[in-house]
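Chemist: Pasting start.cif below, which is mmCIF, C-alpha atoms.
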```
data_entry
loop_
_atom_site.group_PDB
_atom_site.id
_atom_site.type_symbol
_atom_site.label_atom_id
_atom_site.label_comp_id
_atom_site.auth_asym_id
_atom_site.auth_seq_id
_atom_site.Cartn_x
_atom_site.Cartn_y
_atom_site.Cartn_z
ATOM 1 C CA MET A 1124 121.421 119.138 99.567
ATOM 2 C CA ILE A 1125 118.331 117.947 97.715
ATOM 3 C CA ILE A 1126 118.809 114.647 95.879
ATOM 4 C CA ASP A 1127 116.238 113.547 93.317
ATOM 5 C CA ALA A 1128 116.334 109.745 93.297
ATOM 6 C CA HIS A 1129 114.249 109.367 90.134
ATOM 7 C CA ALA A 1130 114.926 111.126 86.835
ATOM 8 C CA HIS A 1131 115.084 109.805 83.284
ATOM 9 C CA VAL A 1132 117.259 111.258 80.520
ATOM 10 C CA TRP A 1133 118.179 110.134 77.031
ATOM 11 C CA PRO A 1134 120.665 111.319 74.413
ATOM 12 C CA ASP A 1135 119.333 114.499 72.821
ATOM 13 C CA LYS A 1136 118.803 112.912 69.414
ATOM 14 C CA ILE A 1137 116.462 110.214 70.745
ATOM 15 C CA ALA A 1138 114.871 111.896 73.783
ATOM 16 C CA HIS A 1139 111.679 112.889 71.960
ATOM 17 C CA ALA A 1140 111.216 109.439 70.437
ATOM 18 C CA ALA A 1141 112.033 107.720 73.740
ATOM 19 C CA LEU A 1142 109.413 109.753 75.587
ATOM 20 C CA ALA A 1143 106.832 109.041 72.919
ATOM 21 C CA GLY A 1144 107.630 105.339 72.934
ATOM 22 C CA ASN A 1145 107.474 104.995 76.721
ATOM 23 C CA ARG A 1146 104.266 106.949 77.213
ATOM 24 C CA LEU A 1147 102.072 105.858 80.116
ATOM 25 C CA PRO A 1148 98.286 106.194 79.835
ATOM 26 C CA GLY A 1149 96.924 109.438 81.229
ATOM 27 C CA LEU A 1150 100.304 111.090 81.818
ATOM 28 C CA GLN A 1151 101.792 114.060 79.987
ATOM 29 C CA ALA A 1152 105.536 114.741 80.229
ATOM 30 C CA ARG A 1153 106.490 117.996 81.949
ATOM 31 C CA GLY A 1154 110.074 117.986 80.652
ATOM 32 C CA ASP A 1155 111.812 117.061 77.407
ATOM 33 C CA GLY A 1156 113.973 114.171 78.637
ATOM 34 C CA THR A 1157 117.272 115.783 77.624
ATOM 35 C CA VAL A 1158 120.251 116.415 79.892
ATOM 36 C CA GLY A 1159 119.936 120.150 79.262
ATOM 37 C CA GLY A 1160 116.257 120.086 80.154
ATOM 38 C CA LEU A 1161 116.999 118.214 83.375
ATOM 39 C CA MET A 1162 119.737 120.661 84.362
ATOM 40 C CA ALA A 1163 117.391 123.621 83.776
ATOM 41 C CA ASP A 1164 114.680 122.078 85.957
ATOM 42 C CA MET A 1165 117.248 121.214 88.642
ATOM 43 C CA SER A 1166 118.391 124.844 88.730
ATOM 44 C CA ALA A 1167 114.804 126.085 88.960
ATOM 45 C CA SER A 1168 113.850 123.637 91.731
ATOM 46 C CA GLY A 1169 116.980 123.680 93.890
ATOM 47 C CA VAL A 1170 117.866 120.024 93.290
ATOM 48 C CA SER A 1171 121.603 119.538 93.846
ATOM 49 C CA LEU A 1172 121.949 116.002 92.475
ATOM 50 C CA SER A 1173 119.720 113.974 90.165
ATOM 51 C CA CYS A 1174 119.896 110.218 89.831
ATOM 52 C CA CYS A 1175 119.643 109.562 86.097
ATOM 53 C CA LEU A 1176 118.058 106.159 85.585
ATOM 54 C CA GLY A 1177 118.933 104.115 82.521
ATOM 55 C CA ILE A 1178 116.701 101.313 81.230
ATOM 56 C CA ALA A 1179 117.510 98.727 78.559
ATOM 57 C CA ASN A 1180 114.270 97.250 77.284
ATOM 58 C CA GLN A 1181 116.290 94.558 75.495
ATOM 59 C CA ALA A 1182 119.421 92.704 76.566
ATOM 60 C CA ARG A 1183 121.379 93.815 73.503
ATOM 61 C CA HIS A 1184 121.129 97.438 74.640
ATOM 62 C CA VAL A 1185 122.476 96.932 78.181
ATOM 63 C CA ASP A 1186 126.101 97.853 77.572
ATOM 64 C CA ARG A 1187 125.233 100.865 75.406
ATOM 65 C CA VAL A 1188 122.872 102.198 78.088
ATOM 66 C CA ASN A 1189 125.500 101.701 80.778
ATOM 67 C CA GLU A 1190 128.044 103.534 78.638
ATOM 68 C CA PHE A 1191 125.640 106.474 78.248
ATOM 69 C CA VAL A 1192 124.791 106.506 81.950
ATOM 70 C CA ALA A 1193 128.499 106.568 82.830
ATOM 71 C CA SER A 1194 128.974 109.562 80.527
ATOM 72 C CA LEU A 1195 126.440 111.530 82.584
ATOM 73 C CA ARG A 1196 128.511 111.362 85.750
ATOM 74 C CA SER A 1197 129.136 114.826 87.221
ATOM 75 C CA PRO A 1198 128.768 116.659 90.546
ATOM 76 C CA GLU A 1199 125.104 117.235 89.608
ATOM 77 C CA ARG A 1200 124.279 113.795 88.148
ATOM 78 C CA PHE A 1201 124.563 110.224 89.453
ATOM 79 C CA GLY A 1202 124.055 107.544 86.844
ATOM 80 C CA PHE A 1203 121.978 104.435 87.477
ATOM 81 C CA GLY A 1204 122.658 101.764 84.888
ATOM 82 C CA THR A 1205 120.684 98.775 83.710
ATOM 83 C CA VAL A 1206 120.669 94.988 83.661
ATOM 84 C CA HIS A 1207 118.581 92.413 81.843
ATOM 85 C CA VAL A 1208 117.585 88.867 82.751
ATOM 86 C CA GLU A 1209 118.519 87.573 79.299
ATOM 87 C CA LEU A 1210 122.163 88.214 80.232
ATOM 88 C CA SER A 1211 123.901 86.173 82.918
ATOM 89 C CA PRO A 1212 124.733 87.737 86.279
ATOM 90 C CA GLU A 1213 128.375 87.717 85.215
ATOM 91 C CA GLU A 1214 127.636 89.545 81.949
ATOM 92 C CA ASN A 1215 125.509 92.161 83.726
ATOM 93 C CA LEU A 1216 128.136 92.774 86.409
ATOM 94 C CA ALA A 1217 130.906 92.962 83.833
ATOM 95 C CA SER A 1218 129.091 95.747 81.983
ATOM 96 C CA LEU A 1219 128.445 97.708 85.169
ATOM 97 C CA ARG A 1220 132.034 97.378 86.357
ATOM 98 C CA ARG A 1221 133.453 98.209 82.933
ATOM 99 C CA HIS A 1222 131.677 101.549 83.022
ATOM 100 C CA GLY A 1223 132.058 102.226 86.748
ATOM 101 C CA VAL A 1224 128.305 102.087 87.395
ATOM 102 C CA THR A 1225 127.356 101.264 90.993
ATOM 103 C CA ALA A 1226 123.550 101.404 90.876
ATOM 104 C CA VAL A 1227 120.807 100.155 88.546
ATOM 105 C CA LYS A 1228 117.174 100.752 87.672
ATOM 106 C CA ILE A 1229 114.758 97.862 87.114
ATOM 107 C CA HIS A 1230 111.535 98.583 85.213
ATOM 108 C CA PRO A 1231 109.301 95.515 84.760
ATOM 109 C CA LEU A 1232 106.748 97.437 82.673
ATOM 110 C CA PHE A 1233 109.263 98.210 79.942
ATOM 111 C CA GLN A 1234 111.717 95.325 80.355
ATOM 112 C CA ASN A 1235 108.957 92.714 80.398
ATOM 113 C CA PHE A 1236 110.176 90.527 83.246
ATOM 114 C CA ALA A 1237 108.768 90.128 86.746
ATOM 115 C CA LEU A 1238 110.376 91.109 90.017
ATOM 116 C CA ASP A 1239 110.105 87.496 91.152
ATOM 117 C CA ASP A 1240 111.817 86.107 88.030
ATOM 118 C CA PRO A 1241 114.496 83.622 89.226
ATOM 119 C CA ARG A 1242 116.910 85.085 86.672
ATOM 120 C CA LEU A 1243 116.564 88.517 88.292
ATOM 121 C CA TRP A 1244 117.062 87.036 91.735
ATOM 122 C CA ALA A 1245 120.309 85.460 90.514
ATOM 123 C CA ILE A 1246 121.456 88.952 89.513
ATOM 124 C CA PHE A 1247 120.496 90.316 92.943
ATOM 125 C CA GLU A 1248 122.448 87.489 94.567
ATOM 126 C CA ALA A 1249 125.503 88.471 92.550
ATOM 127 C CA PHE A 1250 125.084 92.147 93.506
ATOM 128 C CA GLY A 1251 125.388 91.576 97.254
ATOM 129 C CA SER A 1252 125.815 95.083 98.677
ATOM 130 C CA GLU A 1253 127.985 96.260 95.770
ATOM 131 C CA ILE A 1254 125.221 97.524 93.476
ATOM 132 C CA ALA A 1255 122.276 99.628 94.656
ATOM 133 C CA VAL A 1256 118.889 98.875 93.059
ATOM 134 C CA ILE A 1257 115.880 101.084 92.481
ATOM 135 C CA THR A 1258 112.846 99.511 90.855
ATOM 136 C CA HIS A 1259 109.455 100.475 89.558
ATOM 137 C CA VAL A 1260 106.672 98.781 91.495
ATOM 138 C CA GLY A 1261 102.980 98.736 90.675
ATOM 139 C CA GLU A 1262 100.763 99.709 87.799
ATOM 140 C CA GLY A 1263 101.218 101.890 84.739
ATOM 141 C CA GLY A 1264 100.594 99.562 81.809
ATOM 142 C CA SER A 1265 98.418 96.709 80.621
ATOM 143 C CA PRO A 1266 97.001 94.208 83.144
ATOM 144 C CA GLU A 1267 99.690 91.753 82.049
ATOM 145 C CA ALA A 1268 102.470 94.302 82.574
ATOM 146 C CA ASN A 1269 101.012 95.463 85.894
ATOM 147 C CA ALA A 1270 101.240 91.892 87.192
ATOM 148 C CA LEU A 1271 105.025 91.933 86.827
ATOM 149 C CA SER A 1272 105.598 93.931 90.019
ATOM 150 C CA ASN A 1273 103.764 94.450 93.304
ATOM 151 C CA PRO A 1274 104.507 95.190 96.976
ATOM 152 C CA ARG A 1275 104.523 91.501 97.909
ATOM 153 C CA MET A 1276 107.396 90.887 95.492
ATOM 154 C CA ILE A 1277 109.362 93.750 97.060
ATOM 155 C CA ARG A 1278 108.784 92.286 100.509
ATOM 156 C CA ASP A 1279 110.079 88.906 99.354
ATOM 157 C CA ILE A 1280 113.186 90.420 97.723
ATOM 158 C CA ALA A 1281 114.006 92.421 100.854
ATOM 159 C CA ARG A 1282 113.735 89.314 103.009
ATOM 160 C CA GLN A 1283 115.723 87.111 100.628
ATOM 161 C CA PHE A 1284 118.542 89.627 100.056
ATOM 162 C CA PRO A 1285 119.104 91.598 103.270
ATOM 163 C CA GLN A 1286 122.432 92.987 101.995
ATOM 164 C CA LEU A 1287 120.869 94.434 98.835
ATOM 165 C CA ARG A 1288 120.573 98.231 98.826
ATOM 166 C CA LEU A 1289 116.981 98.154 97.608
ATOM 167 C CA MET A 1290 114.710 101.102 96.836
ATOM 168 C CA ALA A 1291 111.090 100.726 95.699
ATOM 169 C CA CYS A 1292 109.585 103.503 93.595
ATOM 170 C CA HIS A 1293 106.139 104.995 94.157
ATOM 171 C CA PHE A 1294 106.041 104.083 97.872
ATOM 172 C CA GLY A 1295 106.398 100.439 96.866
ATOM 173 C CA GLY A 1296 103.318 100.253 94.651
ATOM 174 C CA TYR A 1297 102.085 102.766 92.060
ATOM 175 C CA LYS A 1298 98.290 102.907 92.251
ATOM 176 C CA LEU A 1299 98.584 100.304 95.054
ATOM 177 C CA PHE A 1300 99.212 102.677 97.946
ATOM 178 C CA ASP A 1301 97.100 100.914 100.567
ATOM 179 C CA ASP A 1302 98.480 97.485 99.663
ATOM 180 C CA ALA A 1303 102.047 98.799 99.818
ATOM 181 C CA ARG A 1304 101.474 100.459 103.173
ATOM 182 C CA GLU A 1305 100.139 97.222 104.648
ATOM 183 C CA ILE A 1306 102.467 94.694 103.027
ATOM 184 C CA LEU A 1307 105.692 96.677 103.446
ATOM 185 C CA SER A 1308 105.042 97.736 107.035
ATOM 186 C CA GLY A 1309 108.145 96.835 109.028
ATOM 187 C CA VAL A 1310 110.036 95.617 105.951
ATOM 188 C CA ASP A 1311 113.608 96.905 105.662
ATOM 189 C CA VAL A 1312 113.265 98.530 102.256
ATOM 190 C CA VAL A 1313 113.664 102.166 101.249
ATOM 191 C CA LEU A 1314 110.587 103.692 99.604
ATOM 192 C CA GLU A 1315 110.674 106.466 97.003
ATOM 193 C CA THR A 1316 108.035 109.207 96.846
ATOM 194 C CA SER A 1317 107.197 109.813 93.176
ATOM 195 C CA TRP A 1318 103.530 109.541 92.208
ATOM 196 C CA PRO A 1319 102.856 110.949 88.731
ATOM 197 C CA PRO A 1320 101.231 113.222 87.837
ATOM 198 C CA SER A 1321 102.028 114.543 91.330
ATOM 199 C CA LEU A 1322 102.491 113.471 94.928
ATOM 200 C CA ALA A 1323 99.981 116.237 95.691
ATOM 201 C CA THR A 1324 97.212 113.985 94.339
ATOM 202 C CA LEU A 1325 97.536 111.837 97.474
ATOM 203 C CA ARG A 1326 96.068 112.960 100.794
ATOM 204 C CA PRO A 1327 98.935 114.569 102.740
ATOM 205 C CA GLU A 1328 97.894 113.092 106.085
ATOM 206 C CA VAL A 1329 97.996 109.565 104.615
ATOM 207 C CA VAL A 1330 101.463 110.110 103.118
ATOM 208 C CA ARG A 1331 102.707 111.684 106.354
ATOM 209 C CA ARG A 1332 101.468 108.693 108.347
ATOM 210 C CA LEU A 1333 103.211 106.238 106.020
ATOM 211 C CA ILE A 1334 106.499 108.171 106.222
ATOM 212 C CA ARG A 1335 106.386 108.287 110.010
ATOM 213 C CA ASP A 1336 105.366 104.651 110.332
ATOM 214 C CA HIS A 1337 108.086 103.492 107.947
ATOM 215 C CA GLY A 1338 110.659 106.003 109.183
ATOM 216 C CA ALA A 1339 111.999 109.007 107.269
ATOM 217 C CA GLU A 1340 115.404 107.303 107.306
ATOM 218 C CA ARG A 1341 113.879 104.771 104.868
ATOM 219 C CA ILE A 1342 112.231 107.284 102.503
ATOM 220 C CA VAL A 1343 113.844 109.010 99.511
ATOM 221 C CA PHE A 1344 112.498 111.844 97.406
ATOM 222 C CA GLY A 1345 111.984 111.160 93.708
ATOM 223 C CA SER A 1346 110.275 113.302 91.098
ATOM 224 C CA ASP A 1347 110.118 110.865 88.134
ATOM 225 C CA TRP A 1348 111.242 113.690 85.844
ATOM 226 C CA PRO A 1349 110.333 114.379 83.056
ATOM 227 C CA MET A 1350 106.846 113.127 83.982
ATOM 228 C CA THR A 1351 106.529 115.634 86.829
ATOM 229 C CA SER A 1352 107.913 119.010 87.887
ATOM 230 C CA PRO A 1353 110.618 118.705 90.592
ATOM 231 C CA THR A 1354 109.643 122.139 91.891
ATOM 232 C CA GLU A 1355 106.059 121.020 92.459
ATOM 233 C CA GLU A 1356 107.104 117.675 93.952
ATOM 234 C CA ILE A 1357 109.431 119.334 96.461
ATOM 235 C CA ALA A 1358 106.571 121.675 97.388
ATOM 236 C CA ALA A 1359 104.373 118.612 97.929
ATOM 237 C CA ILE A 1360 106.967 117.161 100.352
ATOM 238 C CA ASP A 1361 107.143 120.493 102.185
ATOM 239 C CA ALA A 1362 103.333 120.500 102.491
ATOM 240 C CA LEU A 1363 103.158 117.127 104.262
ATOM 241 C CA GLY A 1364 103.607 118.585 107.739
ATOM 242 C CA LEU A 1365 106.824 116.703 108.543
ATOM 243 C CA SER A 1366 109.446 118.004 110.933
ATOM 244 C CA ASP A 1367 112.532 119.783 109.580
ATOM 245 C CA ASP A 1368 114.668 116.741 110.345
ATOM 246 C CA GLU A 1369 112.239 114.422 108.571
ATOM 247 C CA VAL A 1370 112.153 116.681 105.508
ATOM 248 C CA LYS A 1371 115.947 116.764 105.320
ATOM 249 C CA LEU A 1372 116.128 112.977 105.450
ATOM 250 C CA VAL A 1373 113.480 112.560 102.753
ATOM 251 C CA LEU A 1374 114.847 115.254 100.450
ATOM 252 C CA GLY A 1375 118.429 114.052 100.533
ATOM 253 C CA GLY A 1376 119.800 112.561 103.725
ATOM 254 C CA THR A 1377 118.510 109.035 103.180
ATOM 255 C CA MET A 1378 119.611 108.919 99.540
ATOM 256 C CA ALA A 1379 123.074 110.212 100.456
ATOM 257 C CA ARG A 1380 123.393 107.261 102.836
ATOM 258 C CA MET A 1381 122.128 104.778 100.254
ATOM 259 C CA LEU A 1382 124.719 105.954 97.725
ATOM 260 C CA ASP A 1383 127.448 106.667 100.310
ATOM 261 C CA LEU A 1384 127.637 110.336 99.377
ATOM 262 C CA PRO A 1385 128.634 113.222 101.645
ATOM 263 C CA SER A 1386 125.723 115.386 102.770
ATOM 264 C CA PRO A 1387 125.020 117.604 105.784
ATOM 265 C CA TRP A 1388 121.568 115.968 105.893
ATOM 266 C CA ARG A 1389 122.870 112.388 106.001
ATOM 267 C CA ALA A 1390 121.673 110.472 109.047
#
```
Now that the file is in, can you turn its structure into structure tokens?

Modeler:
Amino acid sequence: MIIDAHAHVWPDKIAHAALAGNRLPGLQARGDGTVGGLMADMSASGVSLSCCLGIANQARHVDRVNEFVASLRSPERFGFGTVHVELSPEENLASLRRHGVTAVKIHPLFQNFALDDPRLWAIFEAFGSEIAVITHVGEGGSPEANALSNPRMIRDIARQFPQLRLMACHFGGYKLFDDAREILSGVDVVLETSWPPSLATLRPEVVRRLIRDHGAERIVFGSDWPMTSPTEEIAAIDALGLSDDEVKLVLGGTMARMLDLPSPWRA
């Protein structure tokens, strides 16, 4: 059961505009950002479940995004909602609970707050172990935006909130692979594998070493659709030279545990 921990979708009528407005330098979308487009790529790639990550760039959009994310819920889709530091922890939790959302995506580049913002930490404190969190970490924007997240911040969050079900995208630091590998060594945080335009741009022996050092039970597969092709990203995982058991954990077993979902690959 392959679980993609990292996909983005928008309502059909705004998907094109949303992709254009959230464009990252040097990257070209491989999908169209619609639910139908995601489902077609899932069928082609063999992905059984995609985590659809919602992001509210502004606080006033939080509840609407959470409502949309909740509407995506199906056997093939797991919705990750959103929070914003300009709302109180109580307001953020109320929106998530109202819509039955049990996981959120944080994206400092687009939401314009840092991972070490005390207001975000207050939200994490309120989450406890109830709400799972996956967050962008690393570069992808202006120097000012890039400074909003880094592996050191992830390390500090993991230490401060040991009950938090925390997942760090891009191995804990997009374009900061070596820093992430060093700083997050031994830290109890789950790392996600997406690396647009493709995981295959990293040396497989270096990725394999990181996965084995960190433990496949703390690695989840993510494609970052529509910015990459899930088919190609799964092939990149298969090409790393991991054992069958390690591959099953990365491609679905670890994420099933993080979200408390049934899976034959769950550790």

Chemist: Can you pull out the residues contacting Leu1232 of chain A? Cut-off 10 Å, using only C-alpha atoms, and skip same-chain residues under 6 positions away; I want them as an mmCIF file with C-alpha atoms, in the coordinates of the input.

Modeler:
```cif
data_model
loop_
_atom_site.group_PDB
_atom_site.id
_atom_site.type_symbol
_atom_site.label_atom_id
_atom_site.label_comp_id
_atom_site.auth_asym_id
_atom_site.auth_seq_id
_atom_site.Cartn_x
_atom_site.Cartn_y
_atom_site.Cartn_z
ATOM 1 C CA ASN A 1145 107.474 104.995 76.721
ATOM 2 C CA LEU A 1147 102.072 105.858 80.116
ATOM 3 C CA ASN A 1180 114.270 97.250 77.284
ATOM 4 C CA HIS A 1259 109.455 100.475 89.558
ATOM 5 C CA VAL A 1260 106.672 98.781 91.495
ATOM 6 C CA GLY A 1261 102.980 98.736 90.675
ATOM 7 C CA GLU A 1262 100.763 99.709 87.799
ATOM 8 C CA GLY A 1263 101.218 101.890 84.739
ATOM 9 C CA GLY A 1264 100.594 99.562 81.809
ATOM 10 C CA SER A 1265 98.418 96.709 80.621
ATOM 11 C CA GLU A 1267 99.690 91.753 82.049
ATOM 12 C CA ALA A 1268 102.470 94.302 82.574
ATOM 13 C CA ASN A 1269 101.012 95.463 85.894
ATOM 14 C CA ALA A 1270 101.240 91.892 87.192
ATOM 15 C CA LEU A 1271 105.025 91.933 86.827
ATOM 16 C CA SER A 1272 105.598 93.931 90.019
#
```

Chemist: Go through A:Ser1168, A:Asn1235, A:Ser1366, A:Gln1286 and flag the residue nearest Ser1346 of chain A, using only C-alpha atoms for the distances.

Modeler: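 Nearest candidate to Ser1346 of chain A out of A:Ser1168, A:Asn1235, A:Ser1366, A:Gln1286: A:Ser1168.
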
Chemist: From the options A:Arg1335, A:Lys1228, A:Arg1242, A:Arg1389, which residue's atoms come nearest to Met1290 of chain A, counting all atoms listed in the file?

Modeler: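 Using all atoms listed in the file, the shortest distance to Met1290 of chain A belongs to A:Lys1228.
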
Chemist: Just say which residues the PyMOL selection byres ((chain A and resi 1197-1203) around 8) picks in this file, as a PyMOL selection string.

Modeler: chain A and resi 1171-1177+1192-1193+1195-1196+1204-1205+1224-1228

Chemist: With the file shown as input, list the residues that the PyMOL selection byres ((chain A and resi 1317-1320) around 8) selects, as a PDB file with C-alpha atoms, in the coordinates of the input.

Modeler:
```
ATOM      1  CA  HIS A1129     114.249 109.367  90.134  1.00  0.00           C
ATOM      2  CA  LEU A1150     100.304 111.090  81.818  1.00  0.00           C
ATOM      3  CA  GLN A1151     101.792 114.060  79.987  1.00  0.00           C
ATOM      4  CA  CYS A1292     109.585 103.503  93.595  1.00  0.00           C
ATOM      5  CA  HIS A1293     106.139 104.995  94.157  1.00  0.00           C
ATOM      6  CA  PHE A1294     106.041 104.083  97.872  1.00  0.00           C
ATOM      7  CA  TYR A1297     102.085 102.766  92.060  1.00  0.00           C
ATOM      8  CA  GLU A1315     110.674 106.466  97.003  1.00  0.00           C
ATOM      9  CA  THR A1316     108.035 109.207  96.846  1.00  0.00           C
ATOM     10  CA  SER A1321     102.028 114.543  91.330  1.00  0.00           C
ATOM     11  CA  LEU A1322     102.491 113.471  94.928  1.00  0.00           C
ATOM     12  CA  THR A1324      97.212 113.985  94.339  1.00  0.00           C
ATOM     13  CA  PHE A1344     112.498 111.844  97.406  1.00  0.00           C
ATOM     14  CA  GLY A1345     111.984 111.160  93.708  1.00  0.00           C
ATOM     15  CA  SER A1346     110.275 113.302  91.098  1.00  0.00           C
ATOM     16  CA  ASP A1347     110.118 110.865  88.134  1.00  0.00           C
ATOM     17  CA  MET A1350     106.846 113.127  83.982  1.00  0.00           C
ATOM     18  CA  THR A1351     106.529 115.634  86.829  1.00  0.00           C
ATOM     19  CA  GLU A1356     107.104 117.675  93.952  1.00  0.00           C
TER      20      GLU A1356
END
```

Chemist: Need the shell around Asp1239 of chain A: protein/DNA/RNA residues with any atom at most 10 Å away, counting all atoms listed in the file. Skip same-chain ones fewer than 4 positions apart. Format as number ranges by chain?

Modeler: A: 1243-1244, 1271-1273, 1275-1277, 1279-1280

Chemist: Considering all atoms listed in the file, can you say which of A:Ala1390, A:Val1170, A:Ala1281, A:Val1313 comes closest to Arg1341 of chain A?

Modeler: A:Val1313

Chemist: Counting only C-alpha atoms, what is within 9 Å of Asp1368 of chain A, bar same-chain residues fewer than 3 positions away, as a ChimeraX atom specification?

Modeler: /A:1339,1365,1371-1373,1388

Chemist: Have a look at atom CA of Ile1126 of chain A and atom CA of Asp1361 of chain A and let me know their distance in Å, one decimal.

Modeler: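 Atom CA of Asp1361 of chain A lies 14.5 Å from atom CA of Ile1126 of chain A.
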
Chemist: Could you expand the PyMOL selection byres ((chain A and resi 1161) around 10) into the explicit residues it covers here, written as a compact mmCIF listing (two decimals) with C-alpha atoms, in the frame of the given file?

Modeler:
```txt
# COMPACT_ATOMS: atom_id res chain seq x y z
CA ALA A 1130 114.93 111.13 86.84
CA HIS A 1131 115.08 109.80 83.28
CA VAL A 1132 117.26 111.26 80.52
CA GLY A 1154 110.07 117.99 80.65
CA ASP A 1155 111.81 117.06 77.41
CA GLY A 1156 113.97 114.17 78.64
CA THR A 1157 117.27 115.78 77.62
CA VAL A 1158 120.25 116.42 79.89
CA GLY A 1159 119.94 120.15 79.26
CA GLY A 1160 116.26 120.09 80.15
CA MET A 1162 119.74 120.66 84.36
CA ALA A 1163 117.39 123.62 83.78
CA ASP A 1164 114.68 122.08 85.96
CA MET A 1165 117.25 121.21 88.64
CA SER A 1166 118.39 124.84 88.73
CA ALA A 1167 114.80 126.08 88.96
CA SER A 1173 119.72 113.97 90.16
CA CYS A 1175 119.64 109.56 86.10
CA ARG A 1200 124.28 113.80 88.15
CA TRP A 1348 111.24 113.69 85.84
CA PRO A 1349 110.33 114.38 83.06
CA PRO A 1353 110.62 118.70 90.59
```

Chemist: So the first atom is atom CA of Val1206 of chain A and the second is atom CA of Thr1377 of chain A; what is the distance between them in Å, to one decimal place?

Modeler: 24.1 Å

Chemist: I'd like the interatomic distance between atom CA of Val1185 of chain A and atom CA of Leu1382 of chain A, to a tenth of an Å.

Modeler: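 So the two atoms, atom CA of Val1185 of chain A and atom CA of Leu1382 of chain A, lie 21.6 Å apart.
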
Chemist: Taking all heavy atoms as the atom set, what does segment 1165-1170 of chain A look like once completed, written as an mmCIF file, keeping the file's coordinate frame?

Modeler:
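Final output, rebuild37.cif:
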```cif
data_model
loop_
_atom_site.group_PDB
_atom_site.id
_atom_site.type_symbol
_atom_site.label_atom_id
_atom_site.label_comp_id
_atom_site.auth_asym_id
_atom_site.auth_seq_id
_atom_site.Cartn_x
_atom_site.Cartn_y
_atom_site.Cartn_z
ATOM 1 N N MET A 1165 116.525 121.305 87.369
ATOM 2 C CA MET A 1165 117.248 121.214 88.642
ATOM 3 C C MET A 1165 117.567 122.597 89.176
ATOM 4 O O MET A 1165 117.393 122.885 90.369
ATOM 5 C CB MET A 1165 118.536 120.405 88.459
ATOM 6 C CG MET A 1165 118.338 118.924 88.260
ATOM 7 S SD MET A 1165 119.900 118.065 87.915
ATOM 8 C CE MET A 1165 120.816 118.370 89.460
ATOM 9 N N SER A 1166 118.055 123.480 88.308
ATOM 10 C CA SER A 1166 118.391 124.844 88.730
ATOM 11 C C SER A 1166 117.161 125.579 89.237
ATOM 12 O O SER A 1166 117.213 126.283 90.256
ATOM 13 C CB SER A 1166 119.010 125.596 87.551
ATOM 14 O OG SER A 1166 119.314 126.930 87.891
ATOM 15 N N ALA A 1167 116.030 125.392 88.562
ATOM 16 C CA ALA A 1167 114.804 126.085 88.960
ATOM 17 C C ALA A 1167 114.246 125.557 90.277
ATOM 18 O O ALA A 1167 113.624 126.300 91.046
ATOM 19 C CB ALA A 1167 113.754 125.951 87.862
ATOM 20 N N SER A 1168 114.474 124.275 90.564
ATOM 21 C CA SER A 1168 113.850 123.637 91.731
ATOM 22 C C SER A 1168 114.754 123.579 92.956
ATOM 23 O O SER A 1168 114.279 123.300 94.057
ATOM 24 C CB SER A 1168 113.424 122.210 91.372
ATOM 25 O OG SER A 1168 114.560 121.412 91.063
ATOM 26 N N GLY A 1169 116.057 123.787 92.775
ATOM 27 C CA GLY A 1169 116.980 123.680 93.890
ATOM 28 C C GLY A 1169 117.511 122.283 94.132
ATOM 29 O O GLY A 1169 118.132 122.024 95.169
ATOM 30 N N VAL A 1170 117.307 121.366 93.175
ATOM 31 C CA VAL A 1170 117.866 120.024 93.290
ATOM 32 C C VAL A 1170 119.363 120.090 93.048
ATOM 33 O O VAL A 1170 119.814 120.647 92.043
ATOM 34 C CB VAL A 1170 117.202 119.063 92.281
ATOM 35 C CG1 VAL A 1170 117.937 117.726 92.243
ATOM 36 C CG2 VAL A 1170 115.741 118.844 92.640
#
```
